[in-house]
>>> print(open('query-v2.csv').read())   # CSV, C-alpha atoms
chain,number,residue,atom,x,y,z
A,1,MET,CA,76.1,32.6,287.2
A,2,GLY,CA,73.0,32.9,289.4
A,3,ASP,CA,72.5,30.6,292.3
A,4,PHE,CA,69.7,28.1,292.0
A,5,THR,CA,66.4,29.4,293.3
A,6,LEU,CA,62.8,28.4,293.2
A,7,GLU,CA,61.6,32.0,293.0
A,8,LEU,CA,61.5,34.2,289.9
A,9,ASN,CA,62.9,37.7,290.3
A,10,ASP,CA,60.9,40.8,289.7
A,11,GLU,CA,62.0,41.1,286.1
A,12,GLN,CA,61.1,37.4,285.4
A,13,GLN,CA,57.8,37.8,287.1
A,14,SER,CA,57.0,40.8,284.9
A,15,VAL,CA,58.0,38.9,281.7
A,16,ARG,CA,55.9,35.9,282.7
A,17,GLU,CA,52.8,38.1,283.3
A,18,TRP,CA,53.4,39.8,279.9
A,19,ILE,CA,53.6,36.4,278.1
A,20,HIS,CA,50.6,35.0,280.1
A,21,GLY,CA,48.6,38.0,279.0
A,22,PHE,CA,49.4,37.4,275.4
A,23,ALA,CA,48.6,33.7,275.8
A,24,ALA,CA,45.2,34.4,277.5
A,25,ASP,CA,44.1,37.3,275.3
A,26,VAL,CA,45.4,36.4,271.9
A,27,MET,CA,46.3,32.8,271.7
A,28,ARG,CA,43.4,31.1,273.6
A,29,PRO,CA,40.5,32.8,271.8
A,30,ALA,CA,42.0,31.7,268.4
A,31,ALA,CA,43.1,28.2,269.5
A,32,ALA,CA,40.0,26.2,268.4
A,33,GLU,CA,39.9,28.0,265.0
A,34,TRP,CA,43.5,27.2,264.0
A,35,ASP,CA,43.2,23.7,265.4
A,36,GLU,CA,40.3,23.1,263.0
A,37,ARG,CA,42.0,24.9,260.1
A,38,GLU,CA,45.3,23.0,260.5
A,39,GLU,CA,47.2,25.9,259.1
A,40,THR,CA,50.1,28.0,260.3
A,41,PRO,CA,48.6,30.9,262.3
A,42,TRP,CA,50.5,33.7,260.6
A,43,PRO,CA,48.3,36.5,262.1
A,44,ILE,CA,49.1,35.3,265.6
A,45,ILE,CA,52.8,35.0,264.9
A,46,GLN,CA,52.7,38.6,263.4
A,47,GLU,CA,51.0,39.8,266.6
A,48,ALA,CA,53.7,38.2,268.6
A,49,ALA,CA,56.3,39.8,266.4
A,50,LYS,CA,54.7,43.3,266.8
A,51,ILE,CA,55.1,43.2,270.6
A,52,GLY,CA,58.6,41.7,270.5
A,53,LEU,CA,57.6,38.2,271.7
A,54,TYR,CA,58.5,36.6,268.4
A,55,SER,CA,62.0,38.0,267.9
A,56,LEU,CA,65.6,37.1,268.1
A,57,ASP,CA,66.2,39.7,270.8
A,58,PHE,CA,63.6,38.3,273.1
A,59,TYR,CA,64.7,34.7,272.8
A,60,ALA,CA,68.3,35.7,273.2
A,61,GLN,CA,67.5,37.5,276.5
A,62,GLN,CA,65.7,34.4,277.8
A,63,PHE,CA,68.4,32.0,276.5
A,64,PHE,CA,71.1,34.0,278.3
A,65,ASP,CA,69.1,34.4,281.5
A,66,PRO,CA,71.8,33.7,284.1
A,67,THR,CA,69.3,31.6,286.2
A,68,GLY,CA,68.5,29.4,283.3
A,69,LEU,CA,64.8,29.9,283.9
A,70,GLY,CA,64.0,32.3,281.1
A,71,ILE,CA,63.3,29.7,278.4
A,72,PRO,CA,61.3,27.2,280.5
A,73,MET,CA,59.2,30.0,281.9
A,74,THR,CA,58.5,31.3,278.4
A,75,MET,CA,57.6,27.9,277.1
A,76,GLU,CA,55.3,27.0,280.0
A,77,GLU,CA,53.3,30.2,279.6
A,78,LEU,CA,53.0,30.0,275.8
A,79,PHE,CA,52.0,26.4,275.8
A,80,TRP,CA,49.5,27.1,278.6
A,81,GLY,CA,47.9,29.3,276.0
A,82,ASP,CA,47.7,26.7,273.2
A,83,ALA,CA,50.2,24.1,272.2
A,84,GLY,CA,49.6,24.2,268.4
A,85,ILE,CA,49.9,28.0,268.1
A,86,ALA,CA,52.8,28.1,270.6
A,87,LEU,CA,54.8,25.6,268.6
A,88,SER,CA,54.3,27.8,265.5
A,89,ILE,CA,55.7,30.6,267.5
A,90,VAL,CA,58.7,28.8,269.1
A,91,GLY,CA,59.4,26.2,266.4
A,92,THR,CA,62.0,28.4,264.8
A,93,GLY,CA,63.9,28.1,268.1
A,94,LEU,CA,65.0,24.5,267.5
A,95,ALA,CA,66.7,25.6,264.3
A,96,ALA,CA,68.3,28.5,266.1
A,97,VAL,CA,69.5,26.2,268.9
A,98,GLY,CA,71.0,24.0,266.2
A,99,VAL,CA,73.1,26.9,264.9
A,100,LEU,CA,73.9,28.1,268.4
A,101,ALA,CA,75.1,24.7,269.5
A,102,ASN,CA,77.2,23.9,266.4
A,103,GLY,CA,77.9,27.2,264.5
A,104,THR,CA,80.6,29.8,264.5
A,105,GLU,CA,80.0,33.3,265.8
A,106,GLU,CA,79.9,34.5,262.2
A,107,GLN,CA,77.3,31.9,261.3
A,108,ILE,CA,75.2,32.7,264.3
A,109,GLY,CA,75.3,36.4,263.5
A,110,THR,CA,74.4,35.8,259.8
A,111,TRP,CA,71.7,33.1,259.9
A,112,VAL,CA,69.8,33.3,263.2
A,113,PRO,CA,68.4,36.8,262.5
A,114,GLN,CA,67.2,35.6,259.1
A,115,MET,CA,65.2,32.8,260.8
A,116,TYR,CA,62.9,35.4,262.5
A,117,GLY,CA,62.8,38.3,260.1
A,118,ASP,CA,61.1,41.3,261.7
A,119,ALA,CA,57.6,42.6,262.6
A,120,ALA,CA,57.0,43.8,259.1
A,121,ASP,CA,58.2,40.6,257.4
A,122,VAL,CA,57.9,37.6,259.7
A,123,LYS,CA,60.0,34.5,258.8
A,124,VAL,CA,60.3,31.0,260.3
A,125,ALA,CA,63.0,28.4,260.3
A,126,ALA,CA,63.1,24.6,260.3
A,127,PHE,CA,65.4,22.0,261.9
A,128,CYS,CA,65.5,18.8,259.7
A,129,SER,CA,66.9,15.7,261.3
A,130,SER,CA,64.3,12.8,261.3
A,131,GLU,CA,63.9,10.7,258.2
A,132,PRO,CA,61.3,8.1,257.0
A,133,ASP,CA,63.7,5.3,258.1
A,134,ALA,CA,65.6,7.2,260.8
A,135,GLY,CA,63.6,8.6,263.7
A,136,SER,CA,64.9,7.4,267.0
A,137,ASP,CA,67.6,5.5,265.2
A,138,VAL,CA,69.6,8.4,264.0
A,139,GLY,CA,72.4,6.0,262.9
A,140,SER,CA,70.2,4.9,260.0
A,141,MET,CA,70.2,8.4,258.5
A,142,ARG,CA,70.5,8.4,254.7
A,143,THR,CA,70.6,12.0,253.7
A,144,ARG,CA,74.1,12.6,252.3
A,145,ALA,CA,76.3,15.6,252.1
A,146,VAL,CA,79.3,15.4,249.7
A,147,TYR,CA,81.9,18.1,249.4
A,148,ASP,CA,82.7,19.4,246.0
A,149,GLN,CA,86.2,20.8,246.4
A,150,ALA,CA,86.3,22.4,242.9
A,151,THR,CA,83.5,24.8,243.8
A,152,ASP,CA,83.8,24.8,247.6
A,153,GLU,CA,80.1,23.6,247.9
A,154,TRP,CA,78.3,20.8,249.7
A,155,VAL,CA,75.8,18.8,247.7
A,156,LEU,CA,72.9,17.4,249.8
A,157,ASN,CA,70.5,14.6,248.8
A,158,GLY,CA,67.8,12.9,250.8
A,159,THR,CA,64.4,13.3,252.4
A,160,LYS,CA,63.7,14.6,255.9
A,161,THR,CA,60.4,14.1,257.7
A,162,TRP,CA,58.5,15.5,260.7
A,163,ALA,CA,60.1,18.9,260.1
A,164,THR,CA,58.3,21.7,262.0
A,165,ASN,CA,58.0,24.6,259.4
A,166,GLY,CA,59.5,22.2,256.8
A,167,GLY,CA,59.2,23.7,253.3
A,168,ILE,CA,57.7,27.0,254.4
A,169,ALA,CA,60.9,28.1,256.3
A,170,ASN,CA,63.1,30.9,255.3
A,171,VAL,CA,66.2,29.0,256.6
A,172,HIS,CA,66.5,25.2,256.9
A,173,VAL,CA,69.1,23.5,259.2
A,174,VAL,CA,69.7,20.0,257.8
A,175,VAL,CA,71.6,17.2,259.5
A,176,ALA,CA,73.3,14.9,257.0
A,177,VAL,CA,75.8,12.1,256.8
A,178,VAL,CA,79.3,13.1,255.7
A,179,ASP,CA,81.1,9.9,256.6
A,180,PRO,CA,78.8,6.8,256.5
A,181,GLU,CA,81.5,4.5,258.1
A,182,LEU,CA,81.4,6.5,261.3
A,183,GLY,CA,77.7,6.1,262.1
A,184,THR,CA,76.3,9.0,264.1
A,185,LYS,CA,79.8,10.5,264.6
A,186,GLY,CA,79.9,11.0,260.8
A,187,HIS,CA,77.0,13.5,260.9
A,188,ALA,CA,77.2,17.3,260.3
A,189,SER,CA,74.7,20.2,260.2
A,190,PHE,CA,74.2,22.5,257.2
A,191,ILE,CA,72.4,25.8,256.6
A,192,VAL,CA,70.2,25.8,253.5
A,193,PRO,CA,69.7,29.5,252.6
A,194,PRO,CA,66.4,30.9,251.4
A,195,GLY,CA,65.5,30.1,247.8
A,196,THR,CA,68.2,27.4,247.3
A,197,PRO,CA,67.4,25.3,244.3
A,198,GLY,CA,66.6,21.6,244.9
A,199,LEU,CA,64.9,22.0,248.3
A,200,SER,CA,61.1,21.4,248.2
A,201,GLN,CA,58.3,20.5,250.5
A,202,GLY,CA,57.0,17.0,250.4
A,203,GLN,CA,54.0,15.6,252.2
A,204,LYS,CA,52.3,17.9,254.7
A,205,PHE,CA,51.1,15.8,257.6
A,206,LYS,CA,47.5,15.9,259.0
A,207,LYS,CA,48.1,15.3,262.7
A,208,HIS,CA,46.2,14.1,265.8
A,209,GLY,CA,47.2,17.2,267.7
A,210,ILE,CA,49.3,20.5,267.5
A,211,ARG,CA,47.4,21.0,264.3
A,212,ALA,CA,48.2,24.7,264.1
A,213,SER,CA,51.9,23.8,263.7
A,214,HIS,CA,53.1,23.0,260.1
A,215,THR,CA,54.8,19.6,259.9
A,216,ALA,CA,56.0,18.3,256.6
A,217,GLU,CA,58.6,16.4,254.7
A,218,VAL,CA,61.6,18.3,253.2
A,219,VAL,CA,63.0,16.8,249.9
A,220,LEU,CA,66.6,17.6,249.0
A,221,GLU,CA,67.6,16.9,245.4
A,222,ASP,CA,71.2,18.0,244.5
A,223,VAL,CA,70.9,20.9,246.9
A,224,ARG,CA,74.2,22.9,246.7
A,225,VAL,CA,75.2,25.1,249.6
A,226,PRO,CA,78.4,27.2,249.9
A,227,GLY,CA,81.2,25.7,252.0
A,228,ASP,CA,80.6,28.2,254.8
A,229,CYS,CA,77.1,26.8,255.3
A,230,LEU,CA,78.6,23.8,257.1
A,231,LEU,CA,78.0,24.7,260.8
A,232,GLY,CA,81.3,24.9,262.6
A,233,GLY,CA,83.3,25.0,259.4
A,234,LYS,CA,85.2,22.3,257.5
A,235,GLU,CA,88.4,22.5,259.5
A,236,LYS,CA,86.6,21.7,262.7
A,237,LEU,CA,84.6,19.0,260.9
A,238,ASP,CA,87.8,17.4,259.5
A,239,GLU,CA,89.4,17.4,263.0
A,240,ARG,CA,86.4,15.8,264.6
A,241,LEU,CA,86.1,13.1,261.9
A,242,ALA,CA,89.9,12.4,262.2
A,243,ARG,CA,89.5,11.9,266.0
A,244,ALA,CA,86.5,9.7,265.5
A,245,ARG,CA,88.4,7.5,263.0
A,246,GLU,CA,91.3,7.1,265.3
A,247,ARG,CA,89.0,6.2,268.2
A,248,ALA,CA,87.2,3.7,266.0
A,249,LYS,CA,90.5,2.0,265.2
A,250,SER,CA,91.7,1.9,268.8
A,251,GLY,CA,88.4,0.9,270.2
A,252,ASP,CA,88.3,4.0,272.4
A,253,GLY,CA,84.8,4.4,273.7
A,254,GLU,CA,85.1,8.2,274.4
A,255,ARG,CA,82.1,10.0,272.9
A,256,VAL,CA,82.4,12.4,270.1
A,257,LYS,CA,79.9,15.3,269.7
A,258,ASN,CA,77.1,14.6,267.3
A,259,ALA,CA,75.4,17.6,265.7
A,260,ALA,CA,71.8,16.5,266.1
A,261,MET,CA,72.3,15.1,269.6
A,262,ALA,CA,73.9,18.4,270.7
A,263,THR,CA,70.7,20.2,269.5
A,264,PHE,CA,68.4,17.8,271.3
A,265,GLU,CA,70.4,17.8,274.5
A,266,ALA,CA,70.1,21.6,274.7
A,267,SER,CA,66.3,21.6,273.9
A,268,ARG,CA,65.0,18.7,276.0
A,269,PRO,CA,64.3,20.7,279.2
A,270,ALA,CA,62.5,23.3,277.0
A,271,VAL,CA,60.2,20.5,275.7
A,272,GLY,CA,59.6,19.5,279.2
A,273,ALA,CA,58.5,23.0,280.0
A,274,MET,CA,56.1,22.9,277.0
A,275,ALA,CA,54.5,19.8,278.5
A,276,VAL,CA,54.2,21.4,281.9
A,277,GLY,CA,52.3,24.3,280.3
A,278,THR,CA,49.8,22.1,278.6
A,279,ALA,CA,49.3,20.0,281.7
A,280,ARG,CA,48.8,23.2,283.8
A,281,ALA,CA,46.3,24.5,281.3
A,282,ALA,CA,44.2,21.3,281.6
A,283,TYR,CA,44.5,21.3,285.4
A,284,ASP,CA,43.4,24.9,285.7
A,285,TYR,CA,40.4,24.3,283.5
A,286,ALA,CA,39.4,21.1,285.4
A,287,LEU,CA,39.8,22.8,288.7
A,288,GLU,CA,37.5,25.7,287.8
A,289,TYR,CA,35.0,23.3,286.3
A,290,ALA,CA,35.0,21.1,289.4
A,291,LYS,CA,34.3,24.2,291.6
A,292,THR,CA,31.3,25.3,289.6
A,293,ARG,CA,29.8,22.0,288.2
A,294,GLU,CA,27.2,20.7,290.6
A,295,GLN,CA,25.9,17.2,290.9
A,296,PHE,CA,23.7,15.8,293.7
A,297,GLY,CA,23.3,19.4,295.1
A,298,ARG,CA,27.0,20.2,295.6
A,299,PRO,CA,30.1,21.1,293.5
A,300,ILE,CA,31.8,18.0,292.2
A,301,ILE,CA,35.1,19.0,293.9
A,302,ASP,CA,33.5,18.1,297.2
A,303,ASN,CA,33.7,14.5,296.1
A,304,GLN,CA,36.9,12.8,297.1
A,305,GLY,CA,37.1,11.0,293.8
A,306,VAL,CA,37.4,14.3,292.0
A,307,ALA,CA,39.4,16.2,294.7
A,308,PHE,CA,42.0,13.5,294.9
A,309,GLN,CA,42.5,13.5,291.2
A,310,LEU,CA,43.1,17.2,291.2
A,311,ALA,CA,45.5,16.8,294.1
A,312,ASP,CA,47.5,14.3,292.1
A,313,MET,CA,47.4,16.4,289.0
A,314,ARG,CA,48.8,19.5,290.8
A,315,THR,CA,51.5,17.4,292.6
A,316,GLN,CA,52.7,15.9,289.3
A,317,ILE,CA,52.8,19.3,287.5
A,318,ASP,CA,54.8,20.9,290.3
A,319,ALA,CA,57.2,17.9,290.3
A,320,ALA,CA,57.6,18.1,286.6
A,321,ARG,CA,58.3,21.8,286.7
A,322,LEU,CA,61.0,21.3,289.4
A,323,LEU,CA,62.8,18.7,287.2
A,324,VAL,CA,62.6,21.1,284.2
A,325,TRP,CA,64.0,24.0,286.2
A,326,ARG,CA,66.8,21.9,287.7
A,327,ALA,CA,67.9,20.7,284.2
A,328,SER,CA,67.6,24.2,282.8
A,329,TRP,CA,69.7,25.7,285.6
A,330,MET,CA,72.3,23.0,285.3
A,331,ALA,CA,72.6,23.5,281.6
A,332,THR,CA,73.1,27.3,282.0
A,333,ALA,CA,75.5,26.8,284.9
A,334,GLY,CA,77.6,24.4,282.8
A,335,ARG,CA,76.9,21.5,285.1
A,336,PRO,CA,77.1,18.1,283.3
A,337,PHE,CA,74.0,15.9,283.1
A,338,THR,CA,75.7,13.1,285.0
A,339,SER,CA,72.4,11.4,285.6
A,340,ALA,CA,70.8,12.5,282.3
A,341,GLU,CA,68.8,15.2,284.1
A,342,GLY,CA,67.8,16.7,280.8
A,343,SER,CA,66.2,13.5,279.7
A,344,MET,CA,64.6,13.0,283.1
A,345,SER,CA,62.9,16.4,282.9
A,346,LYS,CA,61.5,15.7,279.4
A,347,LEU,CA,60.4,12.1,280.3
A,348,PHE,CA,58.6,13.0,283.5
A,349,ALA,CA,57.0,16.2,282.2
A,350,SER,CA,55.8,14.5,278.9
A,351,GLU,CA,54.2,11.6,280.7
A,352,THR,CA,52.7,14.0,283.2
A,353,ALA,CA,51.0,16.0,280.4
A,354,LYS,CA,49.4,12.9,278.9
A,355,LYS,CA,48.2,11.8,282.3
A,356,VAL,CA,46.9,15.1,283.6
A,357,THR,CA,45.0,16.0,280.3
A,358,ALA,CA,43.4,12.6,280.4
A,359,GLN,CA,42.3,13.2,284.0
A,360,ALA,CA,40.9,16.6,283.0
A,361,ILE,CA,38.7,14.9,280.5
A,362,GLN,CA,37.5,12.4,283.1
A,363,ILE,CA,36.6,15.2,285.5
A,364,LEU,CA,34.6,17.0,282.8
A,365,GLY,CA,32.9,13.8,281.9
A,366,GLY,CA,31.0,13.8,278.6
A,367,ASN,CA,31.7,17.6,278.2
A,368,GLY,CA,35.4,16.9,278.3
A,369,TYR,CA,35.1,14.5,275.3
A,370,THR,CA,33.6,17.2,273.1
A,371,ARG,CA,35.4,20.0,271.2
A,372,GLU,CA,33.2,22.5,272.9
A,373,TYR,CA,35.6,22.3,275.8
A,374,PRO,CA,39.4,22.8,275.4
A,375,VAL,CA,40.6,19.8,277.5
A,376,GLU,CA,39.9,17.5,274.5
A,377,ARG,CA,42.3,19.5,272.4
A,378,MET,CA,44.9,19.7,275.2
A,379,HIS,CA,44.8,15.9,275.5
A,380,ARG,CA,45.4,15.5,271.7
A,381,ASP,CA,48.2,18.0,271.9
A,382,SER,CA,49.8,16.3,274.8
A,383,ALA,CA,50.5,13.1,272.9
A,384,ILE,CA,53.3,14.7,270.9
A,385,TYR,CA,55.5,15.3,274.0
A,386,THR,CA,56.3,11.6,274.5
A,387,ILE,CA,57.2,11.3,270.8
A,388,PHE,CA,59.1,14.3,269.4
A,389,GLU,CA,62.7,15.2,270.2
A,390,GLY,CA,63.3,11.7,271.6
A,391,THR,CA,60.5,9.3,272.6
A,392,SER,CA,59.9,8.4,276.2
A,393,GLU,CA,61.5,5.1,275.5
A,394,ILE,CA,64.6,6.8,274.2
A,395,GLN,CA,64.7,9.0,277.2
A,396,ARG,CA,64.6,6.0,279.5
A,397,LEU,CA,67.4,4.4,277.4
A,398,VAL,CA,69.5,7.6,277.7
A,399,ILE,CA,68.9,7.7,281.5
A,400,ALA,CA,69.7,4.0,282.0
A,401,ARG,CA,72.9,4.1,279.9
A,402,THR,CA,74.0,7.2,281.7
A,403,LEU,CA,73.5,5.7,285.1
A,404,ALA,CA,75.3,2.5,283.9
A,405,GLY,CA,78.2,4.5,282.5
A,406,VAL,CA,77.6,3.1,279.0
A,407,PRO,CA,78.3,5.5,276.0
A,408,ILE,CA,75.1,6.8,274.3
A,409,ARG,CA,75.3,6.3,270.6
>>> encode(input="query-v2.csv", output="structure tokens")
Amino acid sequence: MGDFTLELNDEQQSVREWIHGFAADVMRPAAAEWDEREETPWPIIQEAAKIGLYSLDFYAQQFFDPTGLGIPMTMEELFWGDAGIALSIVGTGLAAVGVLANGTEEQIGTWVPQMYGDAADVKVAAFCSSEPDAGSDVGSMRTRAVYDQATDEWVLNGTKTWATNGGIANVHVVVAVVDPELGTKGHASFIVPPGTPGLSQGQKFKKHGIRASHTAEVVLEDVRVPGDCLLGGKEKLDERLARARERAKSGDGERVKNAAMATFEASRPAVGAMAVGTARAAYDYALEYAKTREQFGRPIIDNQGVAFQLADMRTQIDAARLLVWRASWMATAGRPFTSAEGSMSKLFASETAKKVTAQAIQILGGNGYTREYPVERMHRDSAIYTIFEGTSEIQRLVIARTLAGVPIR
């Protein structure tokens, strides 16, 4: 395990420059077009696959970086390029994390490669947790998974919503209720293999931002999956449910691992890094604009009202990055989030992105409010960070309960 450091090593620097080049040369020139089209940018994903940027091998290397900084570094650079296209490139990662967090070695080896495909035949995956009546309140989840012992199959029924790549994915990872009486402790995650009958795409959402990323409902009607598609296996599930029932009877407040929460805990610092990337992109653009835009015979950066805004923007971005890096290092080092450091990083970075992109528009004035300049799109994109994978309000709740020593349900 590497010691905590604020400096990237030579290899990390080289990877960051490589990703930055792809973001600058391939993603940015296409960003406005795919935002307007509101479609999955398959040609860009294919370009990423050709150079190895969209691949299991690349993300595995970053995931297992001993410093913990590989994933946040990657996310920041891609989302500096464009949030919508970047989410199309990395959206598969949430499903992959779901399998890595809950699956067996055999399940990981079988399903994660199928989520990405290869350069000649690119695939995507979807993680399906939220429902129309169960967003932040995961305890209200209604999608059910019932075990059919005669055929050793699980039968899934329900509707998922806000699923990135939902319906167009090769592999879907679905969180469902297996024991309603246990609340969130009665949830489990399932792999739905490609072409499984009964799974269909519902409504595709037209969104305020991140428009190049496909977001849709996923409808499950008597979807049958083999028993070995239960992540972690039935024996492990039965043991976990038995412990949860015993603790429920005894009133023991000890927490039991929840499948969806395990995925979100692992991914929150990465979402914070996405927000840092978008904030940095807006700051970079506003800084250059302020240096070249003249009013009253001088660059507008010479005015304290503009210069102080830029100073605040840069300070907030750097602070957000430090929180993200700390949480990422802690997770890789196996350090427990005793003060909800993962939620802290996502909360601060998400709020920073909204604030910084709004300030960028203000610095550009009327130009910033038009689609001729990218900060308008960046501001629209930034709104999602305080919503998905746990709203800012939920992050504050997690932090507060952690500090108070109260179990997080």
>>> residues_near_point(input="query-v2.csv", point="(71.0, 14.5, 279.0)", cutoff="12 Å", atoms="only C-alpha atoms", output="MDAnalysis selection string")
chainID A and resid 261:269 324 327:328 330:331 335:347 390 394:403 407:408
>>> residues_near_point(input="query-v2.csv", point="(60.1, 15.3, 276.1)", cutoff="7 Å", atoms="all atoms listed in the file", output="list of chain:residue names")
A:Arg268, A:Val271, A:Gly272, A:Lys346, A:Leu347, A:Ala349, A:Ser350, A:Tyr385, A:Thr386, A:Phe388, A:Glu389, A:Gly390, A:Thr391, A:Ser392
>>> atom_distance(input="query-v2.csv", atom1="CA of Thr161 (chain A)", atom2="CA of Arg37 (chain A)")
21.5 Å
>>> closest_residue(input="query-v2.csv", among="A:Thr215, A:Thr332, A:Gln46, A:Thr151", to="Pro66 (chain A)", atoms="all atoms listed in the file")
A:Thr332
>>> closest_residue(input="query-v2.csv", among="A:Gly198, A:Ala360, A:Leu56, A:Arg245", to="Glu288 (chain A)", atoms="only C-alpha atoms")
A:Ala360
>>> atom_distance(input="query-v2.csv", atom1="CA of Gly81 (chain A)", atom2="CA of Val356 (chain A)")
16.1 Å
>>> closest_residue(input="query-v2.csv", among="A:Ala134, A:Met73, A:Ala125, A:Cys229", to="His172 (chain A)", atoms="all atoms listed in the file")
A:Ala125
